[in-house]
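Text of the file structure19.cif, holding mmCIF, C-alpha atoms and all ligand atoms:
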data_final
#
loop_
_atom_site.label_atom_id
_atom_site.label_comp_id
_atom_site.auth_asym_id
_atom_site.auth_seq_id
_atom_site.Cartn_x
_atom_site.Cartn_y
_atom_site.Cartn_z
CA MET A 24 0.00 0.00 0.00
CA ILE A 25 1.28 3.50 -0.86
CA LYS A 26 1.95 5.62 2.19
CA HIS A 27 0.66 9.18 1.76
CA ILE A 28 2.79 11.92 3.29
CA LYS A 29 1.27 15.21 4.43
CA PRO A 30 2.28 17.82 1.85
CA VAL A 31 4.08 21.05 2.73
CA ILE A 32 4.79 24.22 0.72
CA VAL A 33 7.00 27.20 1.51
CA VAL A 34 7.29 30.25 -0.77
CA HIS A 35 9.57 33.32 -0.73
CA GLY A 36 9.47 36.61 -2.58
CA GLY A 37 12.89 37.96 -1.74
CA ALA A 38 14.92 39.26 1.21
CA TRP A 39 15.60 43.01 1.19
CA ARG A 40 14.46 46.27 2.76
CA ILE A 41 10.83 45.92 1.62
CA PRO A 42 9.26 49.36 2.09
CA ASP A 43 6.14 49.68 4.26
CA GLU A 44 3.98 50.72 1.31
CA GLU A 45 4.90 47.53 -0.58
CA ILE A 46 4.23 45.05 2.20
CA GLN A 47 0.64 44.35 1.23
CA ALA A 48 1.52 43.66 -2.41
CA HIS A 49 4.18 41.20 -1.25
CA LEU A 50 1.81 39.42 1.12
CA ASN A 51 -0.88 39.20 -1.59
CA GLY A 52 1.57 37.81 -4.13
CA ILE A 53 2.92 35.18 -1.75
CA ARG A 54 -0.63 34.16 -0.79
CA VAL A 55 -1.68 33.61 -4.42
CA ALA A 56 1.48 31.60 -5.11
CA LEU A 57 0.78 29.42 -2.05
CA GLN A 58 -2.85 28.89 -3.08
CA GLU A 59 -1.90 27.83 -6.60
CA GLY A 60 0.80 25.42 -5.44
CA TRP A 61 -1.38 24.04 -2.66
CA LYS A 62 -4.23 23.27 -5.10
CA ILE A 63 -1.87 20.86 -6.86
CA LEU A 64 -0.41 19.35 -3.68
CA LYS A 65 -3.68 18.77 -1.83
CA ASN A 66 -5.09 16.88 -4.81
CA GLY A 67 -2.11 14.52 -4.73
CA GLY A 68 -0.29 16.29 -7.58
CA LYS A 69 3.44 16.31 -8.19
CA GLY A 70 5.66 18.61 -6.18
CA LEU A 71 7.51 19.53 -9.34
CA ASP A 72 4.26 20.81 -10.90
CA ALA A 73 3.46 22.75 -7.73
CA VAL A 74 6.83 24.59 -7.63
CA GLU A 75 6.63 25.37 -11.35
CA ARG A 76 3.09 26.75 -10.98
CA SER A 77 3.80 28.82 -7.85
CA VAL A 78 6.98 30.34 -9.29
CA SER A 79 5.13 31.14 -12.55
CA VAL A 80 2.50 33.06 -10.53
CA LEU A 81 5.26 35.09 -8.86
CA GLU A 82 6.95 35.72 -12.23
CA ASP A 83 3.65 37.15 -13.51
CA ASP A 84 3.37 39.53 -10.53
CA PRO A 85 5.41 42.73 -11.09
CA THR A 86 5.85 43.13 -7.32
CA PHE A 87 8.78 40.72 -7.52
CA ASP A 88 12.16 40.75 -9.28
CA ALA A 89 11.35 37.88 -11.64
CA GLY A 90 9.56 37.63 -14.99
CA LYS A 91 7.43 40.77 -15.39
CA GLY A 92 8.93 42.77 -12.49
CA SER A 93 12.56 42.07 -13.38
CA ILE A 94 15.30 44.57 -12.59
CA LEU A 95 16.91 46.04 -15.72
CA ASN A 96 20.49 45.63 -16.89
CA THR A 97 22.72 48.66 -17.43
CA ASP A 98 21.74 48.70 -21.13
CA GLY A 99 18.01 48.66 -20.25
CA SER A 100 17.56 45.02 -21.25
CA VAL A 101 15.89 42.31 -19.12
CA GLU A 102 17.86 39.09 -18.57
CA MET A 103 16.44 36.48 -16.22
CA ASP A 104 17.75 33.35 -14.49
CA ALA A 105 15.74 30.40 -13.15
CA SER A 106 16.16 26.82 -12.02
CA ILE A 107 14.11 23.83 -10.92
CA MET A 108 15.12 20.55 -9.28
CA ASP A 109 13.33 17.26 -8.77
CA GLY A 110 14.49 15.59 -5.56
CA SER A 111 13.06 12.21 -6.58
CA ASN A 112 15.69 11.64 -9.28
CA MET A 113 18.15 14.57 -8.84
CA LYS A 114 17.22 15.91 -12.26
CA ALA A 115 17.50 19.66 -12.71
CA GLY A 116 16.98 22.32 -15.36
CA ALA A 117 18.02 25.96 -15.51
CA VAL A 118 18.17 29.02 -17.74
CA ALA A 119 20.51 32.01 -17.53
CA ALA A 120 20.55 35.48 -19.09
CA LEU A 121 17.27 34.65 -20.83
CA ARG A 122 15.55 37.50 -22.66
CA ASN A 123 11.99 37.93 -23.86
CA TYR A 124 10.22 35.06 -22.13
CA PRO A 125 7.95 35.91 -19.19
CA ASN A 126 8.15 32.56 -17.40
CA PRO A 127 11.80 31.40 -17.23
CA VAL A 128 10.94 28.64 -14.73
CA GLN A 129 8.80 26.89 -17.35
CA ILE A 130 11.73 26.89 -19.79
CA ALA A 131 14.01 25.58 -17.01
CA ARG A 132 11.53 22.72 -16.55
CA CYS A 133 11.61 22.05 -20.29
CA VAL A 134 15.45 21.96 -20.25
CA MET A 135 15.19 19.37 -17.46
CA ASP A 136 12.52 17.28 -19.19
CA LYS A 137 13.70 17.47 -22.80
CA THR A 138 17.51 17.61 -22.77
CA GLU A 139 20.53 15.90 -21.28
CA HIS A 140 21.76 19.31 -20.06
CA ILE A 141 21.08 21.31 -16.92
CA LEU A 142 21.78 24.94 -17.83
CA LEU A 143 21.10 26.77 -21.09
CA SER A 144 22.00 30.44 -21.47
CA GLY A 145 21.47 33.44 -23.71
CA PRO A 146 20.52 33.15 -27.39
CA GLY A 147 20.82 29.33 -27.40
CA CYS A 148 18.29 29.19 -24.61
CA GLU A 149 15.95 31.57 -26.46
CA SER A 150 16.11 29.39 -29.63
CA PHE A 151 15.44 26.33 -27.48
CA ALA A 152 12.37 28.01 -25.95
CA MET A 153 11.04 28.99 -29.36
CA LYS A 154 11.57 25.46 -30.70
CA HIS A 155 9.63 24.05 -27.76
CA GLY A 156 6.58 26.24 -28.29
CA PHE A 157 7.14 29.05 -25.78
CA HIS A 158 5.94 32.46 -26.99
CA PRO A 159 8.36 35.38 -26.72
CA SER A 160 7.12 38.67 -25.28
CA PRO A 161 8.32 42.08 -26.45
CA ILE A 162 10.77 43.45 -23.86
CA ARG A 163 8.39 46.31 -22.98
CA GLU A 164 6.00 43.71 -21.51
CA LEU A 165 8.70 42.71 -19.02
CA MET A 166 9.64 46.29 -18.14
CA THR A 167 7.93 48.28 -15.43
CA GLU A 168 7.98 52.09 -15.00
CA ARG A 169 9.38 51.42 -11.54
CA GLU A 170 12.45 49.65 -12.95
CA LEU A 171 12.99 52.28 -15.65
CA HIS A 172 13.11 54.94 -12.92
CA ARG A 173 15.42 52.82 -10.79
CA LEU A 174 17.77 52.33 -13.74
CA GLU A 175 17.94 56.09 -14.31
CA SER A 176 18.85 56.70 -10.67
CA VAL A 177 21.42 53.90 -10.30
CA MET A 178 23.12 54.88 -13.55
CA LEU A 179 23.62 58.39 -12.16
CA ASP A 180 25.18 56.98 -8.97
CA GLU A 181 28.79 56.14 -9.80
CA ASP A 182 29.39 54.53 -6.40
CA PHE A 183 26.38 52.22 -6.62
CA ARG A 184 27.17 48.60 -5.66
CA ALA A 185 24.35 46.04 -5.62
CA GLU A 186 25.89 44.24 -2.64
CA HIS A 187 25.31 47.34 -0.48
CA ALA A 188 21.96 48.35 -1.92
CA PHE A 189 19.38 46.26 -0.18
CA GLY A 190 16.99 49.20 -0.03
CA GLN A 191 17.19 49.18 -3.82
CA LYS A 192 16.98 45.51 -4.44
CA ARG A 193 13.80 43.56 -5.03
CA GLY A 194 12.71 40.00 -4.49
CA THR A 195 13.99 36.94 -6.25
CA VAL A 196 11.23 34.32 -5.87
CA GLY A 197 11.35 30.66 -4.89
CA VAL A 198 9.27 27.71 -3.76
CA VAL A 199 10.07 24.41 -2.00
CA VAL A 200 7.56 21.58 -1.50
CA LEU A 201 7.19 18.10 -0.12
CA ASP A 202 4.42 16.25 -1.96
CA GLU A 203 2.11 13.42 -0.95
CA GLN A 204 4.43 10.83 -2.48
CA GLY A 205 7.26 12.11 -0.25
CA HIS A 206 9.12 13.82 -3.11
CA ILE A 207 10.87 17.14 -2.60
CA ALA A 208 11.10 19.80 -5.32
CA ALA A 209 12.46 23.34 -5.44
CA ALA A 210 12.49 26.20 -7.95
CA THR A 211 13.85 29.76 -7.99
CA SER A 212 13.55 32.66 -10.48
CA THR A 213 15.06 36.16 -10.69
CA GLY A 214 15.67 39.22 -12.81
CA GLY A 215 19.00 39.62 -10.99
CA THR A 216 20.51 42.61 -9.19
CA PRO A 217 20.40 46.36 -9.89
CA LYS A 218 23.01 47.84 -12.27
CA LYS A 219 24.10 44.44 -13.50
CA ILE A 220 26.19 44.20 -16.62
CA PRO A 221 24.46 42.37 -19.52
CA GLY A 222 25.49 38.72 -19.34
CA ARG A 223 25.89 38.72 -15.54
CA VAL A 224 24.47 35.53 -14.01
CA GLY A 225 23.84 35.10 -10.27
CA ASP A 226 23.19 32.18 -7.96
CA THR A 227 19.61 31.46 -9.02
CA PRO A 228 20.30 29.11 -11.98
CA ILE A 229 23.24 27.39 -10.27
CA ILE A 230 22.17 24.09 -8.72
CA GLY A 231 23.58 23.98 -5.20
CA ALA A 232 23.85 27.78 -4.98
CA GLY A 233 20.31 29.13 -5.51
CA THR A 234 18.32 25.89 -5.58
CA TYR A 235 18.67 22.31 -4.36
CA ALA A 236 16.33 19.32 -3.82
CA GLU A 237 17.07 15.73 -2.83
CA ASP A 238 14.58 13.22 -1.45
CA GLY A 239 15.65 11.95 1.95
CA VAL A 240 17.62 15.15 2.55
CA GLY A 241 15.56 18.28 1.82
CA GLY A 242 14.94 21.19 -0.54
CA VAL A 243 16.21 24.78 -0.55
CA SER A 244 15.61 28.04 -2.44
CA CYS A 245 17.81 31.11 -1.83
CA THR A 246 17.53 34.85 -2.37
CA GLY A 247 19.92 37.74 -1.93
CA TRP A 248 23.24 38.86 -3.26
CA GLY A 249 24.18 36.15 -5.76
CA GLU A 250 27.91 36.83 -5.85
CA ALA A 251 28.13 35.91 -2.14
CA ILE A 252 25.63 33.05 -2.29
CA MET A 253 27.63 31.33 -5.05
CA LYS A 254 30.86 31.46 -3.05
CA VAL A 255 29.37 29.49 -0.15
CA MET A 256 27.05 27.34 -2.34
CA LEU A 257 24.32 28.32 0.06
CA ALA A 258 21.58 25.86 -0.98
CA LYS A 259 23.96 22.90 -0.78
CA ASP A 260 25.36 24.18 2.52
CA VAL A 261 21.85 24.02 4.01
CA ALA A 262 21.20 20.61 2.41
CA GLU A 263 24.40 19.12 3.84
CA ARG A 264 23.32 20.20 7.33
CA MET A 265 19.90 18.60 6.84
CA ARG A 266 21.62 15.43 5.55
CA GLN A 267 23.30 15.24 8.97
CA ASP A 268 19.83 15.26 10.58
CA VAL A 269 20.00 18.90 11.63
CA ASP A 270 16.41 20.18 11.43
CA ALA A 271 15.38 22.64 8.70
CA GLN A 272 15.18 25.77 10.88
CA THR A 273 18.55 25.21 12.57
CA SER A 274 20.16 24.42 9.19
CA ALA A 275 18.74 27.60 7.66
CA GLU A 276 19.99 29.75 10.55
CA GLN A 277 23.47 28.17 10.57
CA SER A 278 23.90 28.66 6.82
CA ILE A 279 22.85 32.31 6.97
CA VAL A 280 25.54 32.85 9.63
CA ILE A 281 28.08 31.26 7.25
CA LEU A 282 26.90 33.57 4.44
CA LYS A 283 27.57 36.63 6.58
CA GLU A 284 30.72 35.50 8.35
CA ARG A 285 32.55 33.94 5.42
CA VAL A 286 31.70 36.27 2.54
CA ASN A 287 29.84 39.19 4.16
CA GLY A 288 26.73 38.18 2.19
CA LEU A 289 23.19 39.42 2.60
CA GLY A 290 20.22 37.25 1.77
CA GLY A 291 17.71 34.68 2.88
CA LEU A 292 16.51 31.16 2.24
CA ILE A 293 13.62 28.77 2.69
CA CYS A 294 13.94 25.03 3.13
CA ILE A 295 12.09 21.81 3.95
CA ASP A 296 13.81 18.83 5.56
CA LYS A 297 13.03 15.15 4.97
CA LYS A 298 10.49 15.18 7.83
CA GLY A 299 8.56 18.03 6.21
CA GLN A 300 9.76 20.60 8.74
CA ILE A 301 10.15 24.14 7.39
CA GLY A 302 13.13 26.47 7.83
CA VAL A 303 13.36 30.20 7.05
CA ALA A 304 16.31 32.51 7.77
CA TYR A 305 17.51 35.90 6.49
CA ASN A 306 19.90 38.65 7.50
CA THR A 307 18.18 41.48 5.63
CA PRO A 308 15.62 43.83 7.22
CA ARG A 309 12.68 41.87 5.78
CA MET A 310 11.90 38.76 3.77
CA ALA A 311 8.56 38.02 2.08
CA ARG A 312 7.50 34.43 2.68
CA GLY A 313 4.63 32.09 3.43
CA THR A 314 3.75 28.50 4.19
CA MET A 315 0.90 26.01 4.04
CA THR A 316 0.73 22.59 5.72
CA CYS A 317 -2.08 20.17 6.54
CA GLU A 318 -1.89 21.34 10.17
CA GLN A 319 -2.50 25.01 9.33
CA ASP A 320 -6.03 26.43 9.06
CA ASP A 321 -5.02 28.94 6.41
CA PHE A 322 -2.12 30.25 4.36
CA TRP A 323 0.49 31.95 6.57
CA VAL A 324 2.34 34.94 5.08
CA ALA A 325 4.79 37.46 6.58
CA VAL A 326 7.57 39.92 5.81
CA GLU A 327 8.99 40.56 9.31
N1 LIG A 401 19.93 36.13 -5.98
C1 LIG A 401 19.67 36.69 -7.23
C2 LIG A 401 20.82 37.22 -7.91
O1 LIG A 401 21.82 37.58 -7.29
O2 LIG A 401 20.79 37.30 -9.12
#

Let me see the structure of the file written as structure tokens.
Amino acid sequence: MIKHIKPVIVVHGGAWRIPDEEIQAHLNGIRVALQEGWKILKNGGKGLDAVERSVSVLEDDPTFDAGKGSILNTDGSVEMDASIMDGSNMKAGAVAALRNYPNPVQIARCVMDKTEHILLSGPGCESFAMKHGFHPSPIRELMTERELHRLESVMLDEDFRAEHAFGQKRGTVGVVVLDEQGHIAAATSTGGTPKKIPGRVGDTPIIGAGTYAEDGVGGVSCTGWGEAIMKVMLAKDVAERMRQDVDAQTSAEQSIVILKERVNGLGGLICIDKKGQIGVAYNTPRMARGTMTCEQDDFWVAVE
């Protein structure tokens, strides 16, 4: 007889100095992403489908730095990174510096499902998406007035450094789930960091840095300053703690300390361990996040 596990979902919408006037939009966005993912999980659906769906919802919401709300490059272009990982078989897919497609996570899933590769980047990735039936969007559909104004101001600031600009950043998005079959999946998507040079790629599409999932161990999605996250391979750092039977919350907190102490990094992460316990940690002023489990009465969302 198949043993059914109680499903769990945890969603984030970025760790940064979220201004008071944007809190409600963040909470609303996280809630919708949770609802959409939970619909799949509570009906016995696959965790992989739930993370893809929830991240797609967040990519469509311009509140977040992913898909339609992406931060602009120094040349005014939009280049996005995303990844997805299936803990049941360790398969993964990712895209980097992708232009003109509003849902990078769906193309990452297609890379995972349809190729022997993990990471496709730039024009090759765009041709791949076209060949597999994804519809490109004109760049103006991925650009917000907000990001055009931000670009103007950061370009005037010669001393601007993304690593110190967490009031200026915006939220990378990510989702981790445990499904009824006991499989763990994780996905992450971003438009990157302010004032980034075209071609710059952060932690989000790097398996082990921005995203990781392994049945029997746990799943992780990270957010924050990618250049620091990559140096400590933050998602894998959390996973290796969970592998040693450290619970999800303690693992998350320990890894965020490592991020700060070893590379002076700012960011946050969500994770689920093999028992379905949730972990959240961040060292920024706020982090948008939410959870749903069978024990909760309703979706839980917060930024503090
Ligand atoms: N964590 C997102 C980025 O640095 O691109």

Using all atoms listed in the file, which protein or nucleic acid residues come within 6 Å of region 93-110 of chain A? Drop anything in the same chain fewer than 2 positions from it, and give the result as a PDB file with C-alpha atoms, in the frame of the given file.
ATOM      1  CA  ASP A  88      12.160  40.750  -9.280  1.00  0.00           C
ATOM      2  CA  ALA A  89      11.350  37.880 -11.640  1.00  0.00           C
ATOM      3  CA  GLY A  90       9.560  37.630 -14.990  1.00  0.00           C
ATOM      4  CA  LYS A  91       7.430  40.770 -15.390  1.00  0.00           C
ATOM      5  CA  ASN A 112      15.690  11.640  -9.280  1.00  0.00           C
ATOM      6  CA  MET A 113      18.150  14.570  -8.840  1.00  0.00           C
ATOM      7  CA  LYS A 114      17.220  15.910 -12.260  1.00  0.00           C
ATOM      8  CA  ALA A 115      17.500  19.660 -12.710  1.00  0.00           C
ATOM      9  CA  GLY A 116      16.980  22.320 -15.360  1.00  0.00           C
ATOM     10  CA  ALA A 117      18.020  25.960 -15.510  1.00  0.00           C
ATOM     11  CA  VAL A 118      18.170  29.020 -17.740  1.00  0.00           C
ATOM     12  CA  ALA A 119      20.510  32.010 -17.530  1.00  0.00           C
ATOM     13  CA  ALA A 120      20.550  35.480 -19.090  1.00  0.00           C
ATOM     14  CA  LEU A 121      17.270  34.650 -20.830  1.00  0.00           C
ATOM     15  CA  ARG A 122      15.550  37.500 -22.660  1.00  0.00           C
ATOM     16  CA  PRO A 127      11.800  31.400 -17.230  1.00  0.00           C
ATOM     17  CA  VAL A 128      10.940  28.640 -14.730  1.00  0.00           C
ATOM     18  CA  ALA A 131      14.010  25.580 -17.010  1.00  0.00           C
ATOM     19  CA  GLU A 170      12.450  49.650 -12.950  1.00  0.00           C
ATOM     20  CA  ILE A 207      10.870  17.140  -2.600  1.00  0.00           C
ATOM     21  CA  ALA A 208      11.100  19.800  -5.320  1.00  0.00           C
ATOM     22  CA  ALA A 209      12.460  23.340  -5.440  1.00  0.00           C
ATOM     23  CA  ALA A 210      12.490  26.200  -7.950  1.00  0.00           C
ATOM     24  CA  THR A 211      13.850  29.760  -7.990  1.00  0.00           C
ATOM     25  CA  SER A 212      13.550  32.660 -10.480  1.00  0.00           C
ATOM     26  CA  THR A 213      15.060  36.160 -10.690  1.00  0.00           C
ATOM     27  CA  GLY A 214      15.670  39.220 -12.810  1.00  0.00           C
ATOM     28  CA  LYS A 218      23.010  47.840 -12.270  1.00  0.00           C
ATOM     29  CA  LYS A 219      24.100  44.440 -13.500  1.00  0.00           C
ATOM     30  CA  ILE A 220      26.190  44.200 -16.620  1.00  0.00           C
ATOM     31  CA  PRO A 221      24.460  42.370 -19.520  1.00  0.00           C
ATOM     32  CA  THR A 227      19.610  31.460  -9.020  1.00  0.00           C
ATOM     33  CA  PRO A 228      20.300  29.110 -11.980  1.00  0.00           C
ATOM     34  CA  ALA A 236      16.330  19.320  -3.820  1.00  0.00           C
ATOM     35  CA  GLU A 237      17.070  15.730  -2.830  1.00  0.00           C
ATOM     36  CA  ASP A 238      14.580  13.220  -1.450  1.00  0.00           C
TER      37      ASP A 238
END

| task | Counting all atoms listed in the file, name the residues that have an atom within 7 Å of an atom of ligand LIG 401 (chain A); the answer should be given as a list in words. | result |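 After applying the 7 Å limit, what remains is Thr195, Thr213, Gly214, Gly215, Thr216, Val224, Gly225, Asp226, Thr227, Cys245, Thr246, Gly247, Trp248, Gly249 and Glu250 of chain A.
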
| field | Closest of A:Lys254, A:Lys29, A:Arg312, A:Arg223 to Ala56 (chain A) - atom-to-atom distances counting only C-alpha atoms | value | A:Arg312

Contacts of region 110-211 of chain A with region 30-40 of chain A up to 6 Å, shortest pair per row, all atoms listed in the file, as a Markdown table:
| residue | atom | partner | partner_atom | distance |
| --- | --- | --- | --- | --- |
| A:Phe189 | CA | A:Trp39 | CA | 5.2 |
| A:Gly190 | CA | A:Arg40 | CA | 4.8 |
| A:Gly194 | CA | A:Gly37 | CA | 3.4 |
| A:Thr195 | CA | A:Gly37 | CA | 4.8 |
| A:Val196 | CA | A:Gly36 | CA | 4.4 |
| A:Gly197 | CA | A:His35 | CA | 5.2 |
| A:Val198 | CA | A:Val34 | CA | 4.4 |
| A:Val199 | CA | A:Val33 | CA | 5.4 |
| A:Val200 | CA | A:Ile32 | CA | 4.4 |
| A:Leu201 | CA | A:Val31 | CA | 5.1 |
| A:Asp202 | CA | A:Pro30 | CA | 4.6 |
| A:Glu203 | CA | A:Pro30 | CA | 5.2 |

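We find CA of Leu289 (chain A) and CA of Val326 (chain A) to be spaced 16.0 Å apart.
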
Mind running region 59-111 of chain A against region 315-319 of chain A at 12 Å and telling me each contacting residue's nearest atom pair with the distance in Å (one decimal), counting only C-alpha atoms, chain and number ascending, as CSV?
residue,atom,partner,partner_atom,distance
A:Glu59,CA,A:Met315,CA,11.2
A:Gly60,CA,A:Met315,CA,9.5
A:Trp61,CA,A:Met315,CA,7.3
A:Lys62,CA,A:Met315,CA,10.8
A:Leu64,CA,A:Thr316,CA,10.0
A:Lys65,CA,A:Cys317,CA,8.6

| said: List as number ranges by chain the protein and nucleic acid residues near Ala232 (chain A), meaning an atom at most 8 Å away when only C-alpha atoms are counted, but skip any in the same chain fewer than 6 places from it. | reply: A: 226, 245, 252-253, 255-259

| query | What is the distance between CA of Tyr124 (chain A) and CA of Pro159 (chain A), in Å to one decimal? | reply |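 Interatomic distance, CA of Tyr124 (chain A) to CA of Pro159 (chain A): 5.0 Å.
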
Each side padded by 5 Å, which centre and which edge lengths in Å (one decimal) define the axis-aligned box around the listed atoms of region 31-41 of chain A? Give them as AutoDock Vina command-line options.
--center_x 9.8 --center_y 33.7 --center_z 0.1 --size_x 21.5 --size_y 35.2 --size_z 15.3

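Interatomic distance, CA of Gly291 (chain A) against CA of Ile162 (chain A): 29.0 Å.
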
| Looking at only C-alpha atoms, which of A:Pro125, A:Gly68, A:Gly288, A:Gly313 is the one that sits closest to Ile301 (chain A)? |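 Between A:Pro125, A:Gly68, A:Gly288, A:Gly313, the residue approaching Ile301 (chain A) most closely is A:Gly313.
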
| message | I need the residue nearest Lys69 (chain A) from this list: A:Pro217, A:Pro42, A:Gly241, A:Gly205. Use all atoms listed in the file for the distance. | response | A:Gly205

| field | Residue nearest Trp323 (chain A) among A:Ala311, A:Ala304, A:Ile41, A:Ile281 (counting only C-alpha atoms) | value |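 Checking each of A:Ala311, A:Ala304, A:Ile41, A:Ile281 against Trp323 (chain A), counting only C-alpha atoms, the winner is A:Ala311.
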
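Among the candidates A:Gln204, A:Phe87, A:Cys148, A:Leu50, the one nearest to Leu165 (chain A) when counting only C-alpha atoms is A:Phe87.
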
| Which of A:Thr307, A:Thr86, A:Thr314, A:Asn123 sits closest to Pro161 (chain A) [using all atoms listed in the file] |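 Looking only at the distances to Pro161 (chain A), the closest residue turns out to be A:Asn123.
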
When you get a chance, write out all heavy atoms for region 265-272 of chain A, as a compact mmCIF listing (two decimals), in the frame of the given file.
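Wrote it out as result33.txt, contents follow:
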# COMPACT_ATOMS: atom_id res chain seq x y z
N MET A 265 21.11 19.43 6.68
CA MET A 265 19.90 18.60 6.84
C MET A 265 20.24 17.12 6.64
O MET A 265 19.65 16.25 7.28
CB MET A 265 18.81 19.07 5.87
CG MET A 265 18.32 20.49 6.18
SD MET A 265 16.81 20.99 5.34
CE MET A 265 17.33 21.10 3.64
N ARG A 266 21.20 16.84 5.76
CA ARG A 266 21.62 15.43 5.55
C ARG A 266 22.15 14.83 6.85
O ARG A 266 22.01 13.63 7.10
CB ARG A 266 22.71 15.37 4.46
CG ARG A 266 23.00 13.96 3.96
CD ARG A 266 24.25 13.92 3.09
NE ARG A 266 24.17 14.78 1.93
CZ ARG A 266 23.52 14.47 0.80
NH1 ARG A 266 22.90 13.33 0.68
NH2 ARG A 266 23.51 15.31 -0.21
N GLN A 267 22.77 15.70 7.66
CA GLN A 267 23.30 15.24 8.97
C GLN A 267 22.24 15.25 10.06
O GLN A 267 22.55 15.29 11.25
CB GLN A 267 24.46 16.15 9.42
CG GLN A 267 25.62 16.27 8.44
CD GLN A 267 26.23 14.94 8.08
OE1 GLN A 267 26.39 14.07 8.94
NE2 GLN A 267 26.55 14.76 6.81
N ASP A 268 20.96 15.29 9.64
CA ASP A 268 19.83 15.26 10.58
C ASP A 268 19.67 16.52 11.41
O ASP A 268 18.98 16.49 12.45
CB ASP A 268 19.90 14.04 11.51
CG ASP A 268 19.49 12.78 10.77
OD1 ASP A 268 18.70 12.91 9.81
OD2 ASP A 268 19.98 11.71 11.12
N VAL A 269 20.30 17.60 11.00
CA VAL A 269 20.00 18.90 11.63
C VAL A 269 18.65 19.34 11.06
O VAL A 269 18.41 19.23 9.86
CB VAL A 269 21.10 19.94 11.30
CG1 VAL A 269 20.79 21.27 11.96
CG2 VAL A 269 22.46 19.42 11.74
N ASP A 270 17.75 19.83 11.93
CA ASP A 270 16.41 20.18 11.43
C ASP A 270 16.48 21.40 10.51
O ASP A 270 17.47 22.14 10.50
CB ASP A 270 15.46 20.44 12.61
CG ASP A 270 15.85 21.68 13.37
OD1 ASP A 270 15.45 22.77 12.97
OD2 ASP A 270 16.61 21.55 14.37
N ALA A 271 15.39 21.61 9.75
CA ALA A 271 15.38 22.64 8.70
C ALA A 271 15.66 24.04 9.27
O ALA A 271 16.46 24.79 8.71
CB ALA A 271 14.04 22.62 7.98
N GLN A 272 15.01 24.40 10.36
CA GLN A 272 15.18 25.77 10.88
C GLN A 272 16.60 26.02 11.37
O GLN A 272 17.21 27.04 11.05
CB GLN A 272 14.15 26.04 12.00
CG GLN A 272 14.20 27.46 12.53
CD GLN A 272 13.98 28.53 11.45
OE1 GLN A 272 13.24 28.33 10.49
NE2 GLN A 272 14.65 29.67 11.58
